[in-house]
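S.K.: The structure follows.
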Amino acid sequence: MNTFFVCLVLSSPLFAGEGEAPAARAASGWPDSAPLTKQNLVFAVDGGASVRVDILGERLFRVRHSKTGKWTESALNRYGVLEAPSAVTPFEQSETKGVHTITTRQTRLSVDSRDGTIALATADGKPLTRQAAPIFETGGAYDVRFALNKDERLYGLGDVSRENIMRRGEVYEIWIRNVTSYMPIPMVLSNRGWGLLVNTTWRNTIDVAKTDPNQMICTAPRSDLDYYLFCGPDYRSLLETYTSFSGRPALLPIWGYAFTYVANQNIDAFNLLNEALTFRREGLPCDVIGLEPGWMSKNYDFSTEKRWHPERFPIPSWAPKGPHTFLGALARKGFKLSLWLCCDYDLGVYEERQVADQAPARRPAAKAQGKAVNVLEGFEDARLSNPGSEKTPPAAKPAAPADAEPWFEHLKRFVDQGASAFKLDGSAQVIEHPKRQWGNRMNDEEMHNLYPVIYAKQMARGFESHTGRRAMVYTAGGYTGMQQFVASWAGDTGGGAKPLASMLNMGFSGHSNHSCDMDVSLVEGIHFGFLQTWAQQNNWDYWYQPWHLEEAQTAAMRHYARLRYKLLPYLYSTAAEAASTGYPVMRAMSLAYPDDPAWDACRTQYMLGDFFLVSAFVKEVRLPEGAWIDFFSGKSHRGPATLPVEVTPTQGGALLVRQGALIPTWPPCDHVEKGWSPQVGLLVYPAAESVFTLHEDDGGSLGYRKGEYARTRLACKTSGKTVTLTIGSREGGYAGMPATRDFTATVHVPGRPQTVTLDGVAVKEYQWDEAASAAVIKIPQCGKTPRVLKLN
């Protein structure tokens with residue numbers, strides 16, 4: 001056996017327009033001009049083909065196959081949606097009888113130089129998957145197959161279908177479609193500990209063992225064969241690796257996790273302010289009020305010339321911004337304003353301009369002798385030159401000029417006036433444009449899936465750059481990498497069980513910030529709508545204002561809205577975990593309890609963070625093993641078990657707490673501004689041992705990305721009859737952080753404790769709640785040093 005490095009370095013990287021364009025591969029990408037390094041290994045395959053492996057991490061590889069030995073980059077890489085990790089990964093490389101093996105500390109990947117077969121295994125040799133020799137067809141098509149074990153289960157694929165969560169046994173076309181497939185993502189996770197992302201924006205298909213029960217077949221009629229392969233011991237680690245290169249889920253501003261209400265599309269400024277005031281008078285917490293397309297002078301205005309509707313939303317022309325406008329009045333009542341948008345803009349032009357700005361040597365100057373020049377002019381359009389096809393498809397709409405203003409530019413004036421959030425309607429981002437020639441010289445077969453994610457990127461980054469604040473942008477369309485930019489809602493599909501399947505599948509696909517249109521006509525819909533990662537009601541063209549519902553439903557809205565605001569520090573901390581690891585807030589039962597295949601059929605309950613089990617639109621709820629407490633009644637149950645779901649006029653489903661829960665809470669409020677509170681409650685359900693990390697920050701700036709936040713470790717341990725609760729010292733800091741906070745712990749124990757001590761000192765005064773069987777104990781001045789509470 002020989003051990004060595006194989007590294008092919010191109011001394012003169014091929015640029016578009018230099019040398020000979022890739023022939024069979026011309027339809028699907030740009031030449032990859034980055035010089036190869038020792039992290040990029042190229043292996044010659046019998047017959048003249050090549051395999052390139054980029055070692056991106058100890059458990060992460062990018063694999064590309066080429067018939068010509070020339071390498072291209074996907075639009076997802078070119079436009080910065082997928083990012084290569086910057087750290088260098090140590091590895092060893094060996095060869096035995098034509099099989100090259102790359103070994104990191106955690107993984108082995110082998111390439112067979114006879115046919116291009118790829119095999120992935122753990123470092124100790126446990127096989128994970130095997131890619132058979134790929135098949136390339138005329139016109140740039142590929143067919144590549146991955147071996148599956150007979151009991152292997154696969155998840156992910158985004159919102160490609162809402163008919164299942166475990167994906168094996170069906171064929172899925174990865175193509176954004178209105179209503180039926182809003183956010184497909186060509187990514188799968190296996191219960192055997194590996195994952196795959198097909199790195200293309202072209203129309204493609206993933207056949208998950210339907211045609212052949214022993215293989216997953218990935219095909220595309222016109223795309224390069226380019227994919228990421230990764231592995232890990234569990235789903236949490238797989239999602240952490242996947243989001244390390246596809247982007248961590250964004251952490252929304254704290255008010256984004258509160259409650260968003262979208263007003264009737266016929267509303268005007270006077271009625272808008274009246275509804276805002278009614279929320280406060282009715283004691284209904286709410287942070288965001290959204291406007292539908294009626295806010296614009298031209299309904300469904302796709303242009304960059306949009307204006308406020310002059311009759312509905314008059315703005316003084318002599319003083320267009322300030323506290324005197326209706327937006328200023330909303331802000332004084334603690335509301336943020338969200339604006340509905342539709343977009344058919346040629347977004348690829350700006351992306352190409354960004355590429356040119358970042359690497360000017362790769363593109364000609366955007367200006368020449370004072371004239372605007374197309375950033376693509378002068379380059380061979382190899383990407384659209386399929387053998388036997390037209391160079392460019394017939395265009396129904398001319399490409400945008402190279403000097404067209406960025407899409408977000410025209411929205412800055414609305415942000416400056418007080419708009420804080422944007423809703424990105426599916427029109428026209430999820431609609432096909434089969435004859436359109438885009439300004440980046442893509443046709444729609446390549447641009448269609450890409451469009452929603454660069455739309456999300458330009459909206460989020462545009463807002464952040466302009467304001468220095470986090471974006472609250474939510475969309476109905478998406479694709480690979482969308483989670484790092486925006487939140488989503490399940491589109492125009494209501495608030496029933498199928499949107500829940502969409503959200504759980506998105507969680508399996510690296511996207512955490514999802515929601516749906518709350519169905520407020522049913523208490524079950526209210527229950528489900530408020531117990532999501534973020535919550536919103538879309539009134540659209542209806543008269544479902546919370547105070548115009550039946551009295552019981554209004555009471556339910558008030559009950560669940562107040563509950564949500566109480567739980568905000570729990571939800572926000574769990575969202576912060578998602579933002580740092582990729583592990584979602586809402587978790588399919590298969591994700592949270594992966595060892596039981598029976599959970600694969602469950603689409604009517606889910607875990608909300610570590611401790612809450614939520615049912616939705618179902619008469620029974622199944623408990624996993626362990627002790628569970630009904631959050632509403634306080635009754636205890638032991639799993640595994642199946643329980644009936646009690647629905648009352650104000651309780652729309654089951655909400656159970658796992659024994660061991662540590663749930664931080666905040667006092668009642670009608671809106672939120674900060675990612676912390678001086679008063680923190682703590683609901684404690686002691687078990688043998690449990691922990692939770694409380695995340696706090698300023699609630700709105702981008703500082704959290706630079707480590708400007710604080711974390712407090714909460715821990716509870718039971719030994720015999722002694723319960724020990726530790727509120728750790730706060731680690732980290734952020735602007736405006738208070739020196740300390742006062743906690744109030746509600747500790748659920750079987751009977752009144754005989755002794756209670758805080759840091760070894762007897763606590764004489766505390767409350768005992770007989771009905772809840774809980775001791776309510778104040779723990780002041782938490783933050784600087786750990787505080788230890790003991791009950792015996």
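Labels for the structure tokens follow display order: chains A, B, ..., residues from 1 in each chain, ligands from 1.
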Out of segment 53-126 of chain A, which residues get strand (DSSP E) from DSSP, as a count of residues only?
M.R.: 35
S.K.: Using only C-alpha atoms, determine which residues lie at most 9 Å from segment 422-426 of chain A, disregarding the query and same-chain residues fewer than 4 positions distant; provide the list as a JSON list (two decimals) with C-alpha atoms, in the first residue's frame.
M.R.:
```json
[["chain", "number", "residue", "atom", "x", "y", "z"],
["A", 178, "ASN", "CA", -46.91, 26.99, -6.18],
["A", 182, "TYR", "CA", -42.95, 25.76, -2.08],
["A", 290, "GLY", "CA", -48.72, 43.42, 8.61],
["A", 291, "LEU", "CA", -50.24, 45.02, 5.53],
["A", 292, "GLU", "CA", -51.25, 43.06, 2.44],
["A", 337, "LEU", "CA", -45.08, 47.35, 10.70],
["A", 338, "SER", "CA", -44.67, 44.60, 8.10],
["A", 339, "LEU", "CA", -45.16, 45.20, 4.36],
["A", 340, "TRP", "CA", -46.26, 42.65, 1.76],
["A", 341, "LEU", "CA", -44.11, 42.41, -1.36],
["A", 342, "CYS", "CA", -44.23, 40.67, -4.74],
["A", 343, "CYS", "CA", -41.16, 40.42, -6.92],
["A", 430, "VAL", "CA", -42.59, 30.43, -7.20],
["A", 431, "ILE", "CA", -43.91, 30.80, -10.75],
["A", 452, "PRO", "CA", -36.25, 32.53, -4.07],
["A", 455, "TYR", "CA", -34.38, 37.01, -3.23],
["A", 456, "ALA", "CA", -34.22, 36.08, 0.45],
["A", 459, "MET", "CA", -33.78, 41.20, 1.28],
["A", 471, "ALA", "CA", -34.04, 41.26, 9.43],
["A", 472, "MET", "CA", -37.55, 39.95, 9.95],
["A", 473, "VAL", "CA", -38.34, 38.77, 6.45],
["A", 474, "TYR", "CA", -40.64, 35.83, 5.85],
["A", 475, "THR", "CA", -41.27, 34.06, 2.60],
["A", 476, "ALA", "CA", -43.42, 31.42, 0.94],
["A", 477, "GLY", "CA", -40.68, 30.19, -1.43],
["A", 488, "SER", "CA", -40.92, 31.16, 6.18],
["A", 491, "GLY", "CA", -47.83, 29.55, 1.94],
["A", 492, "ASP", "CA", -51.47, 29.79, 0.95]]
```
S.K.: For Leu251 of chain A, please output as a list of chain:residue names all residues within 8 Å (counting only C-alpha atoms; exclusion window: fewer than 6 positions along the same chain).
M.R.: A:Arg470, A:Ala575, A:Ala576, A:Ala579
S.K.: Would you kindly return, as a list in words, each protein, DNA or RNA residue with an atom no farther than 6 Å from any atom of Trp666 of chain A, considering only C-alpha atoms and excluding same-chain residues fewer than 3 positions away?
M.R.: Lys566, Val680 and Gly681 of chain A
S.K.: A:Lys790, A:Arg162, A:Arg711, A:Arg248: which is nearest Gln754 of chain A, counting only C-alpha atoms?
M.R.: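 For Gln754 of chain A, the nearest of the candidates is A:Lys790.
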S.K.: Which of these, A:Glu689, A:Asp519, A:Glu275, A:Asp301, has the shortest distance to Gly495 of chain A once you count only C-alpha atoms?
M.R.: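 Of all the options, A:Asp519 lies closest to Gly495 of chain A.
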S.K.: Taking 4 positions as the minimum chain separation for residues in the same chain, which residues sit within 9 Å of segment 111-127 of chain A when counting only C-alpha atoms? Answer as a PDB file with N, CA and C atoms, in the first residue's frame.
M.R.:
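Now in around_20.pdb:
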```pdb
ATOM      1  N   PHE A  43      -8.725  12.844  -8.939  1.00  0.00           N
ATOM      2  CA  PHE A  43      -8.358  11.484  -9.291  1.00  0.00           C
ATOM      3  C   PHE A  43      -8.790  11.190 -10.722  1.00  0.00           C
ATOM      4  N   ALA A  44      -7.863  10.698 -11.530  1.00  0.00           N
ATOM      5  CA  ALA A  44      -8.199  10.283 -12.878  1.00  0.00           C
ATOM      6  C   ALA A  44      -8.953   8.963 -12.832  1.00  0.00           C
ATOM      7  N   VAL A  45      -9.985   8.875 -13.647  1.00  0.00           N
ATOM      8  CA  VAL A  45     -10.810   7.683 -13.724  1.00  0.00           C
ATOM      9  C   VAL A  45     -10.642   7.071 -15.106  1.00  0.00           C
ATOM     10  N   ASP A  46     -10.608   5.744 -15.176  1.00  0.00           N
ATOM     11  CA  ASP A  46     -10.464   5.066 -16.456  1.00  0.00           C
ATOM     12  C   ASP A  46     -11.515   5.578 -17.445  1.00  0.00           C
ATOM     13  N   GLY A  47     -11.116   5.835 -18.658  1.00  0.00           N
ATOM     14  CA  GLY A  47     -12.030   6.342 -19.666  1.00  0.00           C
ATOM     15  C   GLY A  47     -11.935   7.835 -19.862  1.00  0.00           C
ATOM     16  N   ALA A  49     -12.460  10.324 -17.513  1.00  0.00           N
ATOM     17  CA  ALA A  49     -13.185  11.174 -16.571  1.00  0.00           C
ATOM     18  C   ALA A  49     -12.319  11.454 -15.344  1.00  0.00           C
ATOM     19  N   SER A  50     -12.802  12.341 -14.482  1.00  0.00           N
ATOM     20  CA  SER A  50     -12.093  12.684 -13.249  1.00  0.00           C
ATOM     21  C   SER A  50     -13.083  12.838 -12.105  1.00  0.00           C
ATOM     22  N   VAL A  51     -12.583  12.613 -10.904  1.00  0.00           N
ATOM     23  CA  VAL A  51     -13.350  12.855  -9.680  1.00  0.00           C
ATOM     24  C   VAL A  51     -12.558  13.843  -8.832  1.00  0.00           C
ATOM     25  N   VAL A  53     -12.418  15.645  -5.073  1.00  0.00           N
ATOM     26  CA  VAL A  53     -12.897  15.602  -3.694  1.00  0.00           C
ATOM     27  C   VAL A  53     -12.289  16.771  -2.940  1.00  0.00           C
ATOM     28  N   ARG A  59     -15.902  15.520   8.798  1.00  0.00           N
ATOM     29  CA  ARG A  59     -17.065  14.717   8.421  1.00  0.00           C
ATOM     30  C   ARG A  59     -17.738  15.268   7.172  1.00  0.00           C
ATOM     31  N   VAL A  63     -17.949  16.437  -3.516  1.00  0.00           N
ATOM     32  CA  VAL A  63     -17.545  15.507  -4.568  1.00  0.00           C
ATOM     33  C   VAL A  63     -18.074  16.015  -5.900  1.00  0.00           C
ATOM     34  N   HIS A  65     -17.868  15.156 -10.228  1.00  0.00           N
ATOM     35  CA  HIS A  65     -17.470  14.275 -11.322  1.00  0.00           C
ATOM     36  C   HIS A  65     -17.412  15.096 -12.602  1.00  0.00           C
ATOM     37  N   LYS A  97      -4.555  -0.848  -5.095  1.00  0.00           N
ATOM     38  CA  LYS A  97      -5.155  -1.426  -6.291  1.00  0.00           C
ATOM     39  C   LYS A  97      -6.152  -0.482  -6.964  1.00  0.00           C
ATOM     40  N   GLY A  98      -5.759   0.762  -7.062  1.00  0.00           N
ATOM     41  CA  GLY A  98      -6.583   1.737  -7.756  1.00  0.00           C
ATOM     42  C   GLY A  98      -7.671   2.367  -6.928  1.00  0.00           C
ATOM     43  N   VAL A  99      -7.809   1.988  -5.665  1.00  0.00           N
ATOM     44  CA  VAL A  99      -8.804   2.585  -4.768  1.00  0.00           C
ATOM     45  C   VAL A  99      -8.076   3.568  -3.856  1.00  0.00           C
ATOM     46  N   HIS A 100      -8.426   4.838  -3.978  1.00  0.00           N
ATOM     47  CA  HIS A 100      -7.811   5.885  -3.175  1.00  0.00           C
ATOM     48  C   HIS A 100      -8.676   6.148  -1.952  1.00  0.00           C
ATOM     49  N   THR A 101      -8.069   6.189  -0.783  1.00  0.00           N
ATOM     50  CA  THR A 101      -8.805   6.377   0.465  1.00  0.00           C
ATOM     51  C   THR A 101      -8.327   7.633   1.171  1.00  0.00           C
ATOM     52  N   ILE A 102      -9.265   8.491   1.518  1.00  0.00           N
ATOM     53  CA  ILE A 102      -9.002   9.714   2.272  1.00  0.00           C
ATOM     54  C   ILE A 102      -9.508   9.476   3.688  1.00  0.00           C
ATOM     55  N   THR A 103      -8.651   9.663   4.670  1.00  0.00           N
ATOM     56  CA  THR A 103      -9.016   9.376   6.057  1.00  0.00           C
ATOM     57  C   THR A 103      -8.812  10.611   6.917  1.00  0.00           C
ATOM     58  N   THR A 104      -9.873  11.070   7.560  1.00  0.00           N
ATOM     59  CA  THR A 104      -9.768  12.108   8.591  1.00  0.00           C
ATOM     60  C   THR A 104      -9.907  11.429   9.947  1.00  0.00           C
ATOM     61  N   ARG A 105      -9.929  12.214  10.994  1.00  0.00           N
ATOM     62  CA  ARG A 105     -10.056  11.607  12.324  1.00  0.00           C
ATOM     63  C   ARG A 105     -11.387  10.895  12.513  1.00  0.00           C
ATOM     64  N   GLN A 106     -12.416  11.287  11.720  1.00  0.00           N
ATOM     65  CA  GLN A 106     -13.745  10.727  11.955  1.00  0.00           C
ATOM     66  C   GLN A 106     -14.322   9.959  10.763  1.00  0.00           C
ATOM     67  N   THR A 107     -13.711  10.077   9.585  1.00  0.00           N
ATOM     68  CA  THR A 107     -14.357   9.566   8.382  1.00  0.00           C
ATOM     69  C   THR A 107     -13.350   8.997   7.403  1.00  0.00           C
ATOM     70  N   GLN A 131     -21.655   5.273  -3.476  1.00  0.00           N
ATOM     71  CA  GLN A 131     -22.141   5.832  -4.734  1.00  0.00           C
ATOM     72  C   GLN A 131     -21.621   4.983  -5.881  1.00  0.00           C
ATOM     73  N   ALA A 132     -22.539   4.434  -6.677  1.00  0.00           N
ATOM     74  CA  ALA A 132     -22.149   3.617  -7.816  1.00  0.00           C
ATOM     75  C   ALA A 132     -21.538   4.489  -8.906  1.00  0.00           C
ATOM     76  N   ALA A 133     -20.939   3.852  -9.881  1.00  0.00           N
ATOM     77  CA  ALA A 133     -20.356   4.595 -11.006  1.00  0.00           C
ATOM     78  C   ALA A 133     -21.430   5.437 -11.674  1.00  0.00           C
ATOM     79  N   PRO A 134     -21.205   6.733 -11.826  1.00  0.00           N
ATOM     80  CA  PRO A 134     -22.242   7.600 -12.403  1.00  0.00           C
ATOM     81  C   PRO A 134     -22.422   7.343 -13.897  1.00  0.00           C
ATOM     82  N   TRP A 194     -25.455   9.449   7.858  1.00  0.00           N
ATOM     83  CA  TRP A 194     -24.848  10.199   6.770  1.00  0.00           C
ATOM     84  C   TRP A 194     -25.894  11.096   6.123  1.00  0.00           C
ATOM     85  N   LEU A 229     -21.227  15.373   0.744  1.00  0.00           N
ATOM     86  CA  LEU A 229     -21.456  14.144   1.497  1.00  0.00           C
ATOM     87  C   LEU A 229     -20.921  14.371   2.905  1.00  0.00           C
ATOM     88  N   PHE A 230     -21.715  14.042   3.905  1.00  0.00           N
ATOM     89  CA  PHE A 230     -21.304  14.293   5.286  1.00  0.00           C
ATOM     90  C   PHE A 230     -21.844  13.196   6.192  1.00  0.00           C
ATOM     91  N   CYS A 231     -21.316  13.124   7.384  1.00  0.00           N
ATOM     92  CA  CYS A 231     -21.744  12.066   8.307  1.00  0.00           C
ATOM     93  C   CYS A 231     -21.661  12.564   9.741  1.00  0.00           C
ATOM     94  N   GLY A 232     -22.236  11.769  10.657  1.00  0.00           N
ATOM     95  CA  GLY A 232     -22.241  12.122  12.069  1.00  0.00           C
ATOM     96  C   GLY A 232     -22.975  11.070  12.863  1.00  0.00           C
TER      97      GLY A 232
END
```
S.K.: Give me, as JSON, numbers by chain, all polymer residues having an atom no more than 12 Å from Ala588 of chain A, counting only C-alpha atoms and skipping those fewer than 2 positions away in the same chain.
M.R.: {"A": [155, 156, 164, 165, 166, 235, 500, 501, 502, 503, 504, 505, 506, 507, 508, 509, 512, 583, 584, 585, 586, 590, 591, 592, 593, 594, 599, 600, 601, 602, 603, 604, 605, 606, 607, 608, 609, 610, 613, 614, 615]}
S.K.: From the options A:Leu567, A:Val645, A:Met518, A:Ala220, which residue's atoms come nearest to Leu694 of chain A, counting only C-alpha atoms?
M.R.: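 That would be A:Leu567, the residue with the smallest distance to Leu694 of chain A.
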S.K.: Please measure the separation of atom CA of Ala419 of chain A and atom CA of Arg564 of chain A, giving the value in Å to one decimal.
M.R.: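 It comes out at 24.0 Å.
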S.K.: Set the distance at 7 Å and use only C-alpha atoms: which residues neighbour Asn538 of chain A once local chain neighbours fewer than 6 positions away are removed? I'd like the list as a PyMOL selection string.
M.R.: chain A and resi 261-263+517-518
S.K.: Keeping only N, CA and C atoms, take the residues you just selected and write them out as a CSV table (one decimal), in the first residue's frame.
M.R.:
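Everything below was put into part_20.csv:
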```csv
chain,number,residue,atom,x,y,z
A,261,TYR,N,-49.6,39.8,13.4
A,261,TYR,CA,-51.0,39.8,12.9
A,261,TYR,C,-51.0,40.6,11.6
A,262,VAL,N,-51.6,39.9,10.5
A,262,VAL,CA,-51.7,40.5,9.2
A,262,VAL,C,-53.1,41.0,9.0
A,263,ALA,N,-53.3,42.3,8.8
A,263,ALA,CA,-54.6,42.9,8.7
A,263,ALA,C,-55.3,42.6,7.4
A,517,ASP,N,-50.3,30.1,8.3
A,517,ASP,CA,-51.4,31.0,8.6
A,517,ASP,C,-52.3,30.3,9.7
A,518,MET,N,-52.4,31.0,10.8
A,518,MET,CA,-53.2,30.4,11.9
A,518,MET,C,-54.7,30.3,11.6
```
